[in-house]
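Next up, upload-v8.cif (mmCIF, C-alpha atoms):
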```cif
data_input
loop_
_atom_site.label_atom_id
_atom_site.label_comp_id
_atom_site.auth_asym_id
_atom_site.auth_seq_id
_atom_site.Cartn_x
_atom_site.Cartn_y
_atom_site.Cartn_z
CA MET A 266 107.21 24.63 -10.20
CA ALA A 267 108.37 22.94 -6.97
CA ASP A 268 106.69 25.61 -4.76
CA LYS A 269 103.15 25.02 -6.06
CA PRO A 270 102.43 21.70 -4.23
CA ALA A 271 103.56 23.27 -0.92
CA ALA A 272 101.19 26.18 -1.41
CA LYS A 273 98.32 23.82 -2.12
CA SER A 274 99.02 21.74 1.01
CA THR A 275 99.17 24.88 3.18
CA THR A 276 95.83 26.08 1.79
CA ARG A 277 94.28 22.65 2.43
CA LYS A 278 95.46 22.65 6.09
CA ARG A 279 93.95 26.08 6.68
CA THR A 280 90.63 24.92 5.16
CA VAL A 281 90.53 21.88 7.45
CA ARG A 282 91.27 24.00 10.52
CA ALA A 283 88.53 26.48 9.59
CA ALA A 284 86.06 23.64 9.09
CA LYS A 285 86.92 22.23 12.51
CA ALA A 286 86.51 25.64 14.10
CA ASP A 287 83.07 26.11 12.50
CA ALA A 288 81.87 22.65 13.50
CA PRO A 289 79.36 22.65 16.41
CA VAL A 290 80.75 21.45 19.69
CA ALA A 291 78.76 18.62 21.26
CA THR A 292 77.87 19.38 24.88
CA ALA A 293 76.59 16.84 27.36
CA ASP A 294 73.52 17.72 29.42
CA VAL A 295 74.70 18.10 33.02
CA PRO A 296 71.88 17.52 35.50
CA ALA A 297 71.24 20.34 37.94
CA ALA A 298 72.58 19.80 41.41
CA ALA A 299 69.98 18.65 43.87
CA PRO A 300 69.23 21.06 46.72
CA SER A 301 71.28 20.45 49.79
CA VAL A 302 69.66 18.34 52.46
CA PRO A 303 70.59 18.76 56.13
CA GLY A 304 72.42 15.92 57.81
CA SER A 305 69.44 15.19 60.05
CA TYR A 306 65.77 15.64 59.33
CA LEU A 307 65.22 16.50 63.00
CA GLU A 308 66.58 19.94 63.88
CA TRP A 309 67.14 20.21 67.60
CA GLY A 310 67.56 23.99 67.61
CA PRO A 311 63.90 24.74 66.77
CA VAL A 312 62.82 21.85 69.00
CA PHE A 313 64.64 23.16 72.07
CA GLY A 314 63.51 26.70 71.32
CA GLY A 315 59.89 25.62 71.04
CA ALA A 316 60.16 23.53 74.20
CA ALA A 317 61.62 26.50 76.11
CA VAL A 318 58.76 28.74 74.95
CA ALA A 319 56.20 26.06 75.85
CA LEU A 320 57.66 25.66 79.35
CA ALA A 321 57.80 29.42 79.89
CA ILE A 322 54.15 29.88 78.88
CA SER A 323 53.14 26.91 81.02
CA MET A 324 54.90 28.35 84.07
CA LEU A 325 53.41 31.79 83.46
CA LEU A 326 49.84 30.49 83.16
CA THR A 327 50.33 28.15 86.11
CA GLN A 328 51.46 31.05 88.29
CA PHE A 329 48.50 33.07 87.11
CA GLY A 330 46.18 30.20 87.99
CA ALA A 331 47.80 29.87 91.39
CA GLY A 332 47.15 33.55 91.98
CA ILE A 333 43.42 33.10 91.48
CA GLY A 334 43.21 29.77 93.31
CA LEU A 335 43.28 27.34 90.35
CA THR A 336 45.86 24.91 91.72
CA ALA A 337 46.04 21.27 92.67
CA ALA A 338 46.18 22.34 96.31
CA ALA A 339 42.76 23.95 96.13
CA ASP A 340 40.41 22.82 98.86
CA ALA A 341 38.32 19.88 97.74
CA THR A 342 35.95 20.21 100.72
CA LEU A 343 33.75 23.15 101.60
CA GLU A 344 33.35 24.47 105.12
CA GLY A 345 30.04 22.65 105.46
CA GLY A 346 31.65 19.35 104.51
CA GLY A 347 30.43 19.13 100.90
CA ALA A 348 32.58 18.62 97.83
CA SER A 349 34.01 21.71 96.16
CA TRP A 350 34.08 22.62 92.48
CA ASN A 351 37.62 23.93 92.81
CA PRO A 352 39.35 20.73 91.64
CA LEU A 353 37.15 20.52 88.53
CA VAL A 354 37.78 24.15 87.55
CA ALA A 355 41.49 23.74 88.28
CA GLY A 356 41.54 20.62 86.08
CA LEU A 357 39.99 22.53 83.19
CA TRP A 358 42.57 25.25 83.68
CA LEU A 359 45.28 22.62 83.53
CA VAL A 360 43.98 21.46 80.14
CA LEU A 361 43.93 25.04 78.80
CA VAL A 362 47.49 25.61 80.00
CA ALA A 363 48.68 22.47 78.21
CA LEU A 364 46.92 23.48 74.98
CA ALA A 365 48.23 27.04 74.96
CA SER A 366 51.85 26.15 75.76
CA ALA A 367 52.05 23.24 73.31
CA SER A 368 50.47 25.29 70.51
CA ALA A 369 52.93 28.15 70.93
CA GLY A 370 55.97 25.87 71.12
CA GLY A 371 54.85 23.75 68.18
CA TYR A 372 54.19 26.78 65.97
CA LEU A 373 57.62 28.21 66.72
CA ALA A 374 59.39 24.92 65.95
CA GLY A 375 57.47 24.41 62.71
CA ARG A 376 58.15 27.91 61.47
CA MET A 377 61.82 27.97 62.42
CA ARG A 378 62.61 24.55 60.94
CA THR A 379 64.52 24.46 57.64
CA ARG A 380 62.51 22.87 54.87
CA ALA A 381 64.32 19.97 53.16
CA GLY A 382 64.47 20.44 49.40
CA ASP A 383 63.98 16.76 48.53
CA ALA A 384 60.63 16.41 50.28
CA THR A 385 57.14 16.47 48.80
CA GLU A 386 54.37 18.62 50.25
CA ASP A 387 53.01 15.74 52.31
CA GLU A 388 56.48 14.88 53.60
CA VAL A 389 57.14 18.51 54.55
CA GLU A 390 53.88 18.60 56.48
CA PHE A 391 54.78 15.39 58.28
CA ARG A 392 58.25 16.64 59.23
CA ASP A 393 56.85 19.92 60.52
CA GLY A 394 54.30 18.06 62.60
CA ALA A 395 56.96 15.68 63.91
CA HIS A 396 58.99 18.65 65.14
CA GLY A 397 55.95 19.93 67.02
CA LEU A 398 55.40 16.51 68.54
CA VAL A 399 59.01 16.35 69.73
CA VAL A 400 58.59 19.82 71.27
CA TRP A 401 55.61 18.49 73.20
CA ALA A 402 57.56 15.43 74.31
CA VAL A 403 60.61 17.38 75.50
CA SER A 404 58.57 19.99 77.37
CA SER A 405 56.36 17.30 78.94
CA VAL A 406 59.34 15.33 80.22
CA VAL A 407 60.95 18.44 81.72
CA ALA A 408 57.65 19.55 83.26
CA MET A 409 57.00 16.11 84.76
CA PHE A 410 60.50 16.06 86.22
CA GLY A 411 59.93 19.48 87.78
CA VAL A 412 56.54 18.52 89.19
CA SER A 413 57.95 15.29 90.62
CA LEU A 414 60.77 17.20 92.29
CA VAL A 415 58.41 19.76 93.81
CA THR A 416 56.04 17.04 94.98
CA ALA A 417 58.88 15.14 96.62
CA LEU A 418 60.05 18.25 98.45
CA ALA A 419 56.52 19.03 99.55
CA GLY A 420 56.13 15.46 100.80
CA LEU A 421 59.24 15.81 102.89
CA GLY A 422 57.92 19.01 104.43
CA ALA A 423 54.57 17.40 105.16
CA ALA A 424 56.28 14.41 106.78
CA VAL A 425 58.18 16.69 109.13
CA ASP A 426 55.12 18.71 110.10
CA THR A 427 52.44 16.06 110.63
CA ALA A 428 49.08 16.89 112.11
CA THR A 429 47.99 15.05 115.22
CA ALA A 430 44.29 14.97 114.33
CA GLU A 431 43.21 12.44 111.73
CA PRO A 432 41.21 13.90 108.82
CA ALA A 433 37.57 13.02 108.52
CA ALA A 434 36.45 10.28 106.16
CA GLU A 435 34.51 12.77 104.03
CA VAL A 436 37.59 14.94 103.61
CA LEU A 437 39.60 11.92 102.51
CA ALA A 438 36.90 10.95 100.02
CA ASN A 439 36.80 14.45 98.55
CA ALA A 440 40.58 14.52 98.32
CA ALA A 441 40.54 11.17 96.49
CA SER A 442 37.93 12.51 94.05
CA ALA A 443 40.04 15.61 93.47
CA GLY A 444 43.03 13.39 92.72
CA VAL A 445 41.03 11.46 90.14
CA VAL A 446 39.91 14.71 88.51
CA PHE A 447 43.44 16.01 88.31
CA ASN A 448 44.83 12.76 86.96
CA PHE A 449 42.17 12.67 84.26
CA ALA A 450 42.74 16.35 83.44
CA SER A 451 46.48 15.76 83.19
CA ALA A 452 46.04 12.82 80.82
CA ALA A 453 43.44 14.61 78.68
CA GLY A 454 45.53 17.77 78.60
CA ALA A 455 48.62 15.83 77.54
CA ALA A 456 46.78 14.10 74.69
CA LEU A 457 45.17 17.33 73.47
CA ALA A 458 48.48 19.15 73.79
CA ALA A 459 50.20 16.58 71.57
CA ALA A 460 47.58 17.10 68.85
CA ALA A 461 47.78 20.89 69.28
CA ALA A 462 51.57 20.83 68.96
CA TRP A 463 51.36 18.75 65.77
CA PHE A 464 48.80 20.96 64.01
CA SER A 465 50.43 24.18 65.23
CA ALA A 466 53.77 23.02 63.83
CA THR A 467 52.22 22.23 60.44
CA THR A 468 50.58 25.66 60.49
CA GLY A 469 53.92 27.28 61.28
CA GLY A 470 55.58 25.39 58.45
CA SER A 471 52.85 26.46 56.05
CA HIS A 472 53.27 30.10 57.07
CA ARG A 473 57.05 29.69 56.61
CA ASP A 474 56.67 28.43 53.04
CA GLU A 475 54.04 31.01 52.13
CA GLY A 476 56.03 33.85 53.67
CA ILE A 477 53.15 35.00 55.87
CA ALA A 478 54.21 37.72 58.29
CA ILE A 479 53.55 37.19 61.96
CA HIS A 480 51.03 40.02 62.05
CA GLY A 481 48.92 37.94 59.66
CA VAL A 482 48.22 35.61 62.56
CA VAL A 483 47.16 38.44 64.88
CA PRO A 484 43.45 39.37 64.70
CA PRO A 485 42.74 42.62 62.78
CA TYR A 486 41.43 44.56 65.77
CA LEU A 487 44.62 43.81 67.72
CA ARG A 488 46.78 44.89 64.75
CA GLU A 489 44.95 48.22 64.62
CA ARG A 490 45.45 48.69 68.34
CA PHE A 491 49.17 47.96 68.07
CA LYS A 492 49.50 50.47 65.23
CA ARG A 493 47.82 53.18 67.28
CA SER A 494 50.04 52.52 70.26
#
```

Spit out the file's structure as structure tokens when you get a sec.
Amino acid sequence: MADKPAAKSTTRKRTVRAAKADAPVATADVPAAAPSVPGSYLEWGPVFGGAAVALAISMLLTQFGAGIGLTAAADATLEGGGASWNPLVAGLWLVLVALASASAGGYLAGRMRTRAGDATEDEVEFRDGAHGLVVWAVSSVVAMFGVSLVTALAGLGAAVDTATAEPAAEVLANAASAGVVFNFASAAGAALAAAAAWFSATTGGSHRDEGIAIHGVVPPYLRERFKRS
């Protein structure tokens, strides 16, 4: 008779344990971890890479223009004494060089930049464009420094080897006009290059997000020619 209460208590403990085991376990909703964001929104690797490409293309096209006579040193006066069209054509070439180099550098920077996961579509577009603009700024500063250095060295050489005869007034006037043309072309090219770098960088960022292959940018007839070769 004394063993019956102990058996009942043991059975009751087992029932309670089974009920606890079958009870649903409450789980708290853990929010998903936000995507990692780089320490700086401005990535200097793509910027320096794009600036290097922009400078290389600018030097290449400038050398090509020098080979066909499209340089700042082109004669502004014809043999008969009239003004030459060389400075105007050279100024247009300067604008094209700025557009081509800035577009290539901006596209590379925009495509190579890492997209931040916390940004909206508009913010991503702005950050891509900002990278292209910084590419334009870096390449412009380096190019201006190089041009200033070359001009200073050329000025020293001209000071050593001075001509005894004074240039004619018409030659001086044509040279002044050529300087105005080149200054205007430089300013216009710089402004257009900044816009080209911005829009090229946003295009590169869009192609990065959409996963567009580089041959999608190449015209179809060139792609066919590359395949044949």

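For the choices A:Gly375, A:Ala321, A:Gly315, A:Ala460, the atom-to-atom distance to Val389 (chain A) is smallest for A:Gly375 when using all atoms listed in the file.
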
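Between CA of Glu308 (chain A) and CA of Leu398 (chain A) lies a distance of 12.6 Å.
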
Expected selection from the PyMOL selection byres ((chain A and resi 360-370) around 6), given as a compact mmCIF listing (two decimals) with C-alpha atoms, keeping the file's coordinate frame:
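Generated file (part.txt):
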```txt
# COMPACT_ATOMS: atom_id res chain seq x y z
CA GLY A 315 59.89 25.62 71.04
CA ALA A 316 60.16 23.53 74.20
CA VAL A 318 58.76 28.74 74.95
CA ALA A 319 56.20 26.06 75.85
CA ILE A 322 54.15 29.88 78.88
CA SER A 323 53.14 26.91 81.02
CA LEU A 357 39.99 22.53 83.19
CA TRP A 358 42.57 25.25 83.68
CA LEU A 359 45.28 22.62 83.53
CA GLY A 371 54.85 23.75 68.18
CA TYR A 372 54.19 26.78 65.97
CA LEU A 373 57.62 28.21 66.72
CA TRP A 401 55.61 18.49 73.20
CA GLY A 454 45.53 17.77 78.60
CA ALA A 458 48.48 19.15 73.79
CA ALA A 461 47.78 20.89 69.28
CA ALA A 462 51.57 20.83 68.96
CA SER A 465 50.43 24.18 65.23
```

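In this model, the gap between CA of Val354 (chain A) and CA of Val406 (chain A) comes to 24.4 Å.
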
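Coordinates place CA of Val403 (chain A) at a distance of 16.2 Å from CA of Ala452 (chain A).
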
_the PyMOL selection byres ((chain A and resi 470) around 12) resolved against shown file, as a ChimeraX atom specification_ = /A:311,371-381,386-397,463-469,471-477

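Among the candidate residues A:Leu326, A:Ile333, A:Ala355, A:Val312, the one lying nearest to Val446 (chain A) is A:Ala355, with distances computed using only C-alpha atoms.
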
*Which of these, A:Gly356, A:Ser404, A:Pro485, A:Ala478, has the shortest distance to Ser451 (chain A) once you count all atoms listed in the file?*
A:Gly356

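In terms of minimum interatomic distance to Gly411 (chain A), A:Leu320 ranks closest within A:Gly314, A:Trp309, A:Leu320, A:Gly330, counting all atoms listed in the file.
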